[in-house]
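Working notes, beginning with the structure itself.
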Amino acid sequence: MTVILNQSFTGISIGAVLLLIALGLTLTFGQMGVINMAHGEFIMAGAYTTYVLQKSISSAGVSLLVALPVAFLVAGAMGVLLEWLLIRRLYTRPLDTLLVTWGVSLMLQQLARDIFGAPNVQTHAPDLLTGNISLGGGITLANSRLFILGLALLSVLALTLILKLTPLGRRIRAVVQNRDLAEVSGIATERVDRTTFFIGSGLAGVAGVALTLVGPIGPTMGTNYIVDAFLVVVVGGIGQLKGSVITAFALGVLQSVLEYSTTVSVAKVIVLVAIVAFLQWRPQGLYTLRTRSLA
Amino acid sequence: MSGLSISRRGLLAGISAAGASAALSACGAKTGSDTSSDSAAKADTSGSTVKVGLLNSLSGTMAISEVTVHNALLLAIKEINAAGGVLGKKLKAVSQDGASDWPTFAEKAEALIKDDKVAATFGCWTSASRKAVKPVFERYKSLLFYPVQYEGLEQSPYIFYIGATTNQQIVPALDYLKKQGLTKLYLVGSDYVFPRTANKEIQAYAKAKGMTVVGEDYAPLGSTEFGTIVNKVKDSGADAVFNTLNGDSNVAFFKEYKSSGLTAKSMPVLSVSIAEEEVKSIGTQYLEDQLTAWNYYQTTPGAANTKFVAAYQAEYGKDKPTSDPMEAAYISVYLWKEMVEKAGSFDVAKVKAASDGITLDAPEGKVTVDGATQHVYKTARIGTVGADGLITEVWNSGKPIKPDPYLKGYDWASGLS
């Protein structure tokens, strides 16, 4: 029983990390259809932001809290710059976007290497987050994992509220559902695109801050996560927030349960096989956006 | 709806194409195909200087460790030159970047031997890079001095192994754990040749000596998700963890270990790939009081080490730690110098013949070259990580241990290799 509970919590915390890194992608890839291979480097930018802030703010706790909004802005600004310079010229050529952003991703990695050096760096977690809560009976919940879980859920909530309740959210949804009609209705679709990209990239930055609590910060950290992020979005159903949420937690729990009974590598293989099988059965993913479009 | 009309197949094909081209560019480097007769490349020792090759990863994922080794090698060469060189000739270091990519290592090794005509080469870190360059050095009959502890079960006539082999690091570490009454072990390692081989040896040892291995898990190199492995470790009832993780995975592993409530008191972790440099980057808050096994620490007493640490810090900065592989790299140049001077020649065959019995008062203590195995007698040392990030010795083997790369002198190891 203890094992099951501890493993479920591990699974949920893996799911929370997956959710955080995939959340921004549900906007930029899911809603806008942009395959941004540099998304992982926005995660990296968020992580390095935390590192830089910790150098100037001595208190680990304060610097972590400050890092959340700052990383959002830094990664968001990078996203807007990328959108404005390159991606908006390639909206009708998705595969070219893939190659271009992949090139950008390599350049950003080299840039990070030149600025921060090739070796990976570390941040110090605040003492509060290095401990754990014991629920008795051998069940322990790591504080850092609870923090990431809370952050992921908060981000989902905020994103949902923005999309459902604000004028901006309505405009984003309108552009996603029918760009031409939105445009003739007087919506500045270009500006909506840029804002969407800003939020999506900013969320990657927030994910980067969370990841500093889990592992090292390095130029290639983003590439380790980008494939998983795309998997979550594709399985969840492109453009579907709830699909991504369910998928992230399902994959996390599946991974941790399999890992417990087999090994890390075998578990990864089984999860991938399961995803392939699932997409054969439901190629459109868990949820689909119903539209009248023929596409 | 242009955005949503991308077919999933097209998208996945695109992503995998991007991935595949990355993989291709990594393996694209050629491994040196010029087999212009197996002529032993003649080292050029005619001038007033002699070239020596330094082959380390100065970029890529291994740069964190290998740059420090490179620095230690340069320091040794500088010191030797200041003292008059070798056989009256000054050494000239030729650095090549292996770029953390094994085929590149082989290519650069060939360049050093053929184009630069170096008298000897110093470097390599991972066993994978060593195995990649081994055929090159054997084909050209040129010498490589390898400075890192490794998994044993290898003996090339053209490699001098200056780091520890298994019986000088892992076996003494197991002896130490057994003596402490920590007999139930959990093995955690990275998924590649060194941890897999080392754990096979540990399993054999445990079986013969009444210890139990309660679990064995591998994570892919670079993995940062250790929640499940730490849960398994915690539930296993083990007395101690034997850690052969390499590189950054250690950071994630120890963060998870600490936040799950495990400590050096409740279940100590003995690591064989964490030295002073790595302690600094993982963070002492996660490693304090945990065990390591090496042959040298920055705190190892002795005049030779005081001099080495002072010289290194004067050259590269006051806050720079020294570590076991750095020390091994540093002494490897001196050992080669002694061999050359004893042979009276830079000729590879003569240097090899002169190697047996070469002794040095090294920072790690007395070391002696064993000519038969081309390994080195080394003292095993177990240490604990202190709050200042330095490692303090808690036990040593008392005298240098004879290298035994194939573990021939150990009955329990008869089924290995």
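Each chain in the structure tokens gets a letter, A, B and so on, in the order shown; residues start at 1 in every chain, and ligands are counted from 1 in the order they appear.
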
Chain A residues near chain B within 6 Å, closest pair each, using only C-alpha atoms, as CSV:
residue,atom,partner,partner_atom,distance
A:Thr10,CA,B:Gly227,CA,5.7
A:Met32,CA,B:Gly3,CA,5.8
A:Gly33,CA,B:Gly3,CA,4.1
A:Pro119,CA,B:Ile64,CA,4.7
A:Thr130,CA,B:Ser259,CA,5.2
A:Gly131,CA,B:Ser259,CA,4.9
A:Asn132,CA,B:Ser259,CA,5.7
A:Ala142,CA,B:Ser259,CA,5.3
A:Val214,CA,B:Ala252,CA,5.8
A:Gly215,CA,B:Ala252,CA,4.5
A:Ser256,CA,B:Thr228,CA,6.0
A:Val264,CA,B:Ala219,CA,6.0
A:Ala295,CA,B:Ser5,CA,5.3

Next item on the list: Find the residues around stretch 100-106 of chain A up to 9 Å (only C-alpha atoms counted), leave out those fewer than 5 positions away in its own chain, and share them as a ChimeraX atom specification.
Entry: /A:35-41,82,86-87,95,111,223 /B:18

Next item on the list: For stretch 384-395 of chain B, list every protein, DNA or RNA residue within 9 Å, evaluated using only C-alpha atoms, and leave out those in the same chain fewer than 4 positions away; present the list as a list in words.
Entry: Tyr176, Ala275, Glu276, Glu277, Val279, Lys280, Gly283, Thr284, Gln285, Leu287, Glu288, Asp289, Gln290, Leu291, Thr292, Ala293, Tyr297, Gln298, Thr299, Thr300, Pro321 and Ala380 of chain B

Notebook entry, point to check: Skipping near chain neighbours, those fewer than 5 positions away, what residues fall within 8 Å of B:Phe137 using only C-alpha atoms, listed as number ranges by chain?
Noted result: B: 109-110, 142-144, 158-159

Next item on the list: State, in Å with one decimal place, the distance from atom CA of A:Ala16 to atom CA of A:Ile57.
Entry: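 Distance between the two atoms: 27.2 Å.
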
Next item on the list: Skip B:Ala204 itself and residues of its chain fewer than 2 positions away, then list as number ranges by chain all residues within 12 Å of it, counting only C-alpha atoms.
Entry: B: 171, 174, 197-202, 206-213, 407, 410-417

Check: Leaving out A:Thr50 and any residue of its chain fewer than 3 positions from it, which residues lie within 7 Å of it when counting only C-alpha atoms, given as a list in words?
Finding: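 The filter keeps Gly46, Ala47, Leu53, Gln54, Leu64, Ala67 and Val209 of chain A.
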
Notebook entry, point to check: What separation in Å, quoted to one decimal, exists between atom CA of B:Ser397 and atom CA of B:Gln313?
Noted result: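 The value is 28.2 Å.
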
Next item on the list: Considering only C-alpha atoms, return as a list in words whatever protein or nucleic-acid residues lie within 6 Å of A:Phe42, sequence-local ones (same chain, fewer than 2 positions apart) excluded.
Entry: His39, Gly40, Met44, Ala45, Ala75, Ala204 and Gly205 of chain A

Keeping only N, CA and C atoms, write those residues as a short mmCIF file (atom, residue, chain, number, x, y, z; two decimals), in the first residue's frame.
data_model
loop_
_atom_site.label_atom_id
_atom_site.label_comp_id
_atom_site.auth_asym_id
_atom_site.auth_seq_id
_atom_site.Cartn_x
_atom_site.Cartn_y
_atom_site.Cartn_z
N HIS A 39 11.27 25.60 -28.35
CA HIS A 39 10.51 25.69 -27.09
C HIS A 39 11.37 25.22 -25.92
N GLY A 40 12.14 24.16 -26.13
CA GLY A 40 12.99 23.64 -25.07
C GLY A 40 14.02 24.67 -24.61
N MET A 44 15.10 26.37 -21.03
CA MET A 44 16.47 26.60 -20.58
C MET A 44 16.67 28.06 -20.16
N ALA A 45 16.09 28.99 -20.93
CA ALA A 45 16.22 30.41 -20.60
C ALA A 45 15.62 30.69 -19.22
N ALA A 75 11.46 34.56 -21.18
CA ALA A 75 11.14 33.55 -22.19
C ALA A 75 10.07 34.08 -23.14
N ALA A 204 6.89 28.31 -20.85
CA ALA A 204 8.09 27.48 -20.92
C ALA A 204 9.13 27.99 -19.93
N GLY A 205 9.23 29.32 -19.82
CA GLY A 205 10.17 29.91 -18.86
C GLY A 205 9.84 29.51 -17.44
#

Item checked: Residue list (helix (DSSP H, G or I), DSSP) for stretch 83-314 of chain B, as a PyMOL selection string -> chain B and resi 102-114+127-140+166-179+193-209+227-235+249-259+276-282+284-287+303-314

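Here atom CA of B:Tyr296 is placed at a distance of 29.3 Å from atom CA of B:Leu87.
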
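Shortest separation to A:Leu254 among A:Ser155, A:Ser13, A:Gln122, A:Gln177 occurs at residue A:Ser13, atoms counted being only C-alpha atoms.
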